[in-house]
Amino acid sequence: MINFDNENDTVVDQEVVKKLKGWGNYIQAKLGFRNHWYPVGFSEDLEENKPKPIQLGGEKLLINRIDGEVFCIADTCLHRGVSFSEKIECYSKDTVTCWYHGWTYNFNDGKLCDILTDPNSQMIGTRALQTYPVEEAKGMMFVFLGDVAEGDEPPALGLDLPPWFLDEDRYVMGIGREIESNWRLGAENGFDTTHIFIHKDSSYLTARDAPIPLGFATEQKLELGIHDKDGAPKGVVDPLMGNYRPVFDANIKGESVLSSVRPEGEHSTIYQVSLWMPGILTVENHPEPDITQVEFYVPIDEKRHMYFQILSKKGVTEPEQIHRYKEEFTSLHEPLALRGFNDDDIWARKASQAFYDDDYGWLEEQLFEPDHNLIAWRKLASEHCRGIQRAPRTGAARVVAPKKE
Amino acid sequence: MINFDNENDTVVDQEVVKKLKGWGNYIQAKLGFRNHWYPVGFSEDLEENKPKPIQLGGEKLLINRIDGEVFCIADTCLHRGVSFSEKIECYSKDTVTCWYHGWTYNFNDGKLCDILTDPNSQMIGTRALQTYPVEEAKGMMFVFLGDVAEGDEPPALGLDLPPWFLDEDRYVMGIGREIESNWRLGAENGFDTTHIFIHKDSSYLTARDAPIPLGFATEQKLELGIHDKDGAPKGVVDPLMGNYRPVFDANIKGESVLSSVRPEGEHSTIYQVSLWMPGILTVENHPEPDITQVEFYVPIDEKRHMYFQILSKKGVTEPEQIHRYKEEFTSLHEPLALRGFNDDDIWARKASQAFYDDDYGWLEEQLFEPDHNLIAWRKLASEHCRGIQRAPRTGAARVVAPKKE
Amino acid sequence: MINFDNENDTVVDQEVVKKLKGWGNYIQAKLGFRNHWYPVGFSEDLEENKPKPIQLGGEKLLINRIDGEVFCIADTCLHRGVSFSEKIECYSKDTVTCWYHGWTYNFNDGKLCDILTDPNSQMIGTRALQTYPVEEAKGMMFVFLGDVAEGDEPPALGLDLPPWFLDEDRYVMGIGREIESNWRLGAENGFDTTHIFIHKDSSYLTARDAPIPLGFATEQKLELGIHDKDGAPKGVVDPLMGNYRPVFDANIKGESVLSSVRPEGEHSTIYQVSLWMPGILTVENHPEPDITQVEFYVPIDEKRHMYFQILSKKGVTEPEQIHRYKEEFTSLHEPLALRGFNDDDIWARKASQAFYDDDYGWLEEQLFEPDHNLIAWRKLASEHCRGIQRAPRTGAARVVAPKKE
């Protein structure tokens with residue numbers, strides 16, 4: 001177990017953390033993990049020289065595309081703490097100027113390169129905003145929410161993605177939405193196998209003729225794939241097939257009260273689900289056999305997360321294949337699976353927020369047998385996270401010394 | 001003085017409680033008293049098999065009528081803390097099933113009797129929700145907000161009602177409203193004799209030709225009826241007649257500035273008022289000689305209470321008498337007395353909330369002679385309450401062992 | 001350095017105060033200074049016998065004009081803490097009667113002179129509301145937010161005004177607005193010379209043909225006029241002329257990116273600016289050579305201030321001069337300078353609030369050379385304030401013994 005310094009952590013009730021030794025780091029990660037990569041949007045949504053504010057792990061950041069490359073700096077002037085994004089002023093393509101007193105910073109290294117109101121100031125060149133590494137892949141922009149010492153490089157992006165996510169023959173389409181719940185309620189709702197009960201009335205079932213069970217009866221201790229090797233993505237894989245017997249008929253006091261359509265072939269609806277660091281669900285063969293649904297739960301702040309719903313399709317490389325996949329995505333998968341079906345999940349996360357909001361829910365919850373995959377996930381995350389995102393003060397900027405040239 | 005354990009009480013500022021030795025339990029009862037009966041609604045408003053969420057003393061509860069009988073359980077699933085009432089699912093008439101993972105509980109004993117998503121779970125039959133005794137009387141539903149040990153019975157409902165409330169020759173009509181103030185500001189406004197000053201412009205006075213004084217001058221130490229015998233309702237009775245001289249002319253610096261119409265007969269407008277545990281006002285001969293107005297101030301949470309305004313009329317037993325009383329209630333008493341006249345009281349309670357909201361108002365208030373009936377009430381309530389309702393965490397459930405069979 | 005008792009101060013984070021030894025009193029004055037005069041409105045807006053509630057330094061006050069003279073009392077009844085202003089009832093011209101139980105207080109000395117509901121109460125004559133001295137000058141009403149021992153007088157009003165403000169040949173016109181930021185962000189924005197950068201696009205510049213620079217380059221240690229003599233107004237004067245070189249062309253990495261119209265005469269746009277206790281800016285020769293703009297930043301509560309924008313014109317004494325000045329004010333200065341130009345300042349204050357809201361902004365800000373006048377102001381204010389306004393409880397009244405007669 002890694003020990004992180006708890007000082008100045010004002011986000012999580014420390015009484016709760018003390019009582020949860022087994023997955024304390026996870027409970028503290030109310031704002032997400034530090035020193036991990038998170039997606040912040042789709043590449044096509046960031047135009048050249050049009051800086052956009054984002055919020056990630058409670059921090060206010062500003063991303064901008066310059067000559068095609070994306071940069072990310074803190075969205076808070078060092079001088080008196082206002083946000084650049086309140087009124088964006090860029091007088092050269094590689095800088096942003098604070099609207100208040102003209103302090104001007106480079107997007108690439110965050111350095112205070114000029115002060116338009118007092119060009120004689122000794123501050124110029126001796127202060128810098130924190131910058132965050134950015135990478136683009138599969139049409140998405142990823143920000144490394146962490147600290148990189150001078151001369152160092154952040155860990156590879158691929159370590160914070162499902163193992164096959166960057167494969168060349170996969171094509172990715174997706175949508176992003178802001179959800180009013182902590183990110184962990186998103187991740188756990190997705191990985192939790194018995195939450196399938198909420199989908200029992202979904203129009204997805206009838207429209208797609210896709211029978212799903214009402215639940216998953218446990219018949220043994222769960223067998224889970226624990227991916228915790230150094231230098232590889234960390235995650236928990238639940239193969240479903242061996243672990244559970246799908247429930248198509250539900251009984252109360254021995255009487256059948258509810259049933260769902262049983263599929264013709266044995267287990268044909270059951271897929272493997274996995275949860276990867278720093279908070280990525282993969283559901284294989286869903287919503288179609290050759291597609292894997294990937295869900296990123298990205299902390300905005302304590303009470304909100306960005307929900308990126310991605311469909312990664314294998315064997316889509318040629319322009320015509322891509323064209324066909326885009327049409328299929330827009331006309332079928334987005335309305336029926338990502339919105340119709342997953343809207344139930346969004347509703348469930350929001351309904352869980354009140355119980356976990358003050359952290360005591362983690363103590364009072366009563367987990368049952370099928371939740372053992374969640375416990376495995378919480379332990380893995382506590383053990384293998386590279387840090388805990390601490391609460392920055394509202395609007396606070398980290399002042400850093402500029403890099404040497 | 002009963003000593004209740006203050007641990008984990010986060011509702012009331014303990015600095016204030018320390019300084020108010022004489023009625024400390026009352027000050028702590030921001031959420032009401034525990035182990036008392038409270039009305040939660042009118043019987044006719046709860047249909048068979050249509051569970052309804054209520055909030056009482058800060059707790060979220062679910063009531064349901066099954067084969068005519070009313071039951072009350074916690075409205076929070078033990079598993080992951082969501083409220084059943086977010087999406088009510090009942091697959092048999094005597095159970096509720098959580099919409100999230102299918103955990104299913106009996107309404108009568110709270111026991112987790114089945115889990116629809118995993119019928120193999122060891123949790124089944126070994127956990128239970130807290131249940132609350134319910135009684136119906138005089139067309140109202142009463143919930144016992146308290147803990148009853150196995151094999152025990154709660155105290156009789158009649159101990160938490162005015163002594164004559166359940167008399168057979170009385171017929172009860174009433175309305176209920178949610179008010180944005182602590183319940184004690186409701187109770188004290190009603191019992192406080194000099195609050196009559198706020199009604200001086202009420203259209204009730206002219207419409208009903210019902211002269212009321214501007215105030216009540218104290219001429220001696222108040223003589224109050226203190227009902228504190230074991231096995232009987234506890235309350236304070238202020239006979240008014242002997243205690244005060246009604247004020248019909250008000251002076252400032254010796255000059256008359258305001259007067260109200262003096263009634264023809266001596267003291268004809270003055271009635272006996274009483275305040276009963278756990279927070280019930282009775283005003284005898286109001287709004288008519290054969291009617292007693294009964295007001296229940298029922299804590300919803302720290303800042304809100306349900307205000308049940310009941311008119312209990314004596315000698316109404318025959319169908320035709322009932323029919324006539326209903327018409328009289330609807331056309332006369334409800335619009336003129338319960339709404340017109342008492343709307344002033346509601347306004348006054350809300351206007352008092354800010355001062356008492358952080359508890360320091362109880363220290364800073366400057367009570368005067370006519371308020372001695374309030375002091376008697378506070379002492380009686382502190383002495384004779386059966387417990388203080390503690391703050392449950394938002395959405396928290398009390399997990400209880402199921403009763404043995 | 002004066003030491004004020006920090007006990008019971010719950011407004012400012014004491015961790016921050018500990019780290020800011022140089023201007024700790026200023027940082028604590030989130031609600032303003034105690035024992036100073038503050039303007040609360042324009043005389044013409046308070047009619048005879050029409051009491052008006054105001055909020056000053058977090059306290060709720062009630063002002064009233066009686067036979068021409070203005071009085072100020074606490075707007076909270078001592079009895080049960082409600083505000084008189086919820087429903088003003090005055091039954092004699094020199095008193096206010098609480099709408100709830102008829103407690104009646106003198107406006108002049110705050111004494112509880114009568115209780116209309118119980119004329120026999122022993123409370124009458126033995127309790128009093130806190131009163132606040134009021135003075136009227138230059139068409140404005142000033143309240144002394146402080147404590148004056150019996151027999152003492154408050155300090156002269158003139159000590160809390162710019163030195164020439166009360167001069168007989170000056171005529172004052174102005175407006176008042178409520179702004180959603182702490183009062184200090186108003187004062188500092190106004191005195192801060194380089195905030196001029198925000199006005200670069202103001203229509204005031206083109207409409208009035210009034211060129212202003214983009215900034216002020218520092219070329220030396222600032223020379224400031226420190227007014228700290230006993231028995232005279234305290235303030236900091238920044239002469240501008242000697243301290244800075246106005247910047248009309250701004251460069252980024254050596255390339256010109258922005259320029260403003262350079263005035264024809266040397267330095268013709270530069271005026272002397274000063275900041276006076278308890279929070280009054282003066283800008284000389286603005287918006288016209290014979291006018292001085294005076295801005296009062298008056299704390300309402302921690303997050304709001306009243307912004308009084310006054311134009312004091314010299315040599316206006318004759319009726320016809322006054323008439324002409326009023327027309328000029330209404331048609332020209334108010335729309336173009338006070339609203340058009342200063343609306344930028346209001347926007348900037350609001351945008352700064354988040355950073356300073358929890359007090360940590362005072363630690364994290366990175367001041368630069370032109371901000372040395374702000375530092376001088378903070379030190380002067382910490383040294384020479386007569387007290388710090390503490391947080392009264394919401395709705396709390398100070399009970400005082402009535403003055404002896």
# chains A, B, ... in the order shown; residues from 1 in each chain; ligands from 1

call {"tool": "residues_around", "arguments": {"residues": "segment 151-161 of chain C", "least_positions_apart": "6", "cutoff": "9 Å", "atoms": "only C-alpha atoms", "output": "short mmCIF file (atom, residue, chain, number, x, y, z; two decimals) with N, CA, C and O atoms, in the first residue's frame"}}
result
data_model
loop_
_atom_site.label_atom_id
_atom_site.label_comp_id
_atom_site.auth_asym_id
_atom_site.auth_seq_id
_atom_site.Cartn_x
_atom_site.Cartn_y
_atom_site.Cartn_z
N ASN C 35 -15.93 51.21 14.35
CA ASN C 35 -15.66 52.55 14.85
C ASN C 35 -15.21 53.52 13.75
O ASN C 35 -14.34 54.37 13.96
N HIS C 36 -15.82 53.34 12.60
CA HIS C 36 -15.61 54.28 11.50
C HIS C 36 -16.97 54.69 10.92
O HIS C 36 -17.97 54.00 11.11
N TRP C 37 -16.94 55.81 10.22
CA TRP C 37 -18.14 56.30 9.53
C TRP C 37 -18.23 55.71 8.13
O TRP C 37 -17.23 55.68 7.41
N TYR C 38 -19.43 55.30 7.76
CA TYR C 38 -19.66 54.80 6.40
C TYR C 38 -20.92 55.48 5.82
O TYR C 38 -21.91 55.64 6.54
N PRO C 133 -24.75 56.49 15.78
CA PRO C 133 -24.76 57.91 15.39
C PRO C 133 -24.90 58.08 13.87
O PRO C 133 -24.36 57.27 13.11
N GLU C 135 -24.83 61.12 10.71
CA GLU C 135 -24.65 62.52 10.28
C GLU C 135 -24.98 62.63 8.80
O GLU C 135 -24.80 61.67 8.04
N PHE C 142 -24.40 59.36 6.70
CA PHE C 142 -23.28 58.56 7.20
C PHE C 142 -23.64 57.95 8.55
O PHE C 142 -24.18 58.64 9.41
N PHE C 144 -22.12 55.87 11.92
CA PHE C 144 -20.91 55.47 12.64
C PHE C 144 -21.09 54.03 13.10
O PHE C 144 -21.86 53.75 14.03
N GLY C 231 -5.51 63.00 14.13
CA GLY C 231 -6.48 64.08 13.96
C GLY C 231 -6.68 64.54 12.54
O GLY C 231 -7.18 65.65 12.29
N ALA C 232 -6.30 63.70 11.60
CA ALA C 232 -6.54 64.04 10.18
C ALA C 232 -6.90 62.75 9.45
O ALA C 232 -6.62 61.65 9.93
N PRO C 233 -7.53 62.88 8.28
CA PRO C 233 -7.86 61.66 7.53
C PRO C 233 -6.60 60.87 7.21
O PRO C 233 -5.55 61.44 6.97
N LYS C 234 -6.77 59.54 7.22
CA LYS C 234 -5.63 58.66 6.93
C LYS C 234 -5.78 58.13 5.51
O LYS C 234 -6.86 57.66 5.13
N TRP C 276 -8.42 56.39 0.95
CA TRP C 276 -8.58 56.92 2.30
C TRP C 276 -9.34 55.94 3.17
O TRP C 276 -10.19 55.19 2.69
N MET C 277 -9.07 56.00 4.45
CA MET C 277 -9.84 55.21 5.42
C MET C 277 -11.25 55.77 5.51
O MET C 277 -11.41 56.97 5.42
N PRO C 278 -12.25 54.89 5.69
CA PRO C 278 -12.15 53.43 5.86
C PRO C 278 -12.28 52.64 4.56
O PRO C 278 -12.43 51.43 4.63
N GLY C 279 -12.14 53.35 3.38
CA GLY C 279 -12.24 52.64 2.11
C GLY C 279 -12.84 53.55 1.05
O GLY C 279 -13.94 53.31 0.55
N ILE C 280 -12.11 54.65 0.76
CA ILE C 280 -12.64 55.69 -0.14
C ILE C 280 -11.57 56.05 -1.16
O ILE C 280 -10.46 56.47 -0.80
#

call {"tool": "interface_residues", "arguments": {"of": "chain B", "to": "chain A", "cutoff": "12 Å", "atoms": "only C-alpha atoms", "output": "number ranges by chain"}}
result
B: 76-87, 89-106, 112-129, 392-400

call {"tool": "calpha_fit_rmsd", "arguments": {"fixed": "chain A", "moving": "chain B"}}
result
0.1 Å

call {"tool": "atom_distance", "arguments": {"atom1": "atom CA of Leu166 of chain A", "atom2": "atom CA of Lys60 of chain A"}}
result
27.9 Å

call {"tool": "closest_residue", "arguments": {"among": "C:Gly57, C:Pro299, C:Pro319, C:Gly146", "to": "Glu180 of chain C", "atoms": "only C-alpha atoms"}}
result
C:Pro299

call {"tool": "atom_distance", "arguments": {"atom1": "atom CA of His384 of chain C", "atom2": "atom CA of Gln28 of chain C"}}
result
13.8 Å

call {"tool": "select_by_dssp", "arguments": {"residues": "segment 145-289 of chain A", "states": "helix (DSSP H, G or I)", "output": "list of chain:residue names"}}
result
A:Leu157, A:Gly158, A:Leu159, A:Asp160, A:Trp183, A:Arg184, A:Leu185, A:Gly186, A:Ala187, A:Glu188, A:Asn189, A:Gly190, A:Phe191, A:Thr193, A:Thr194, A:His195, A:Ile196, A:Phe197, A:Ile198, A:His199, A:Ser203, A:Tyr204, A:Leu205, A:Thr206, A:Ala207

call {"tool": "closest_residue", "arguments": {"among": "C:Cys72, C:Ile27, C:Leu275, C:Ile375", "to": "Val143 of chain C", "atoms": "only C-alpha atoms"}}
result
C:Cys72

call {"tool": "residues_around", "arguments": {"residues": "Phe42 of chain B", "least_positions_apart": "5", "cutoff": "8 Å", "atoms": "only C-alpha atoms", "output": "count of residues only"}}
result
3
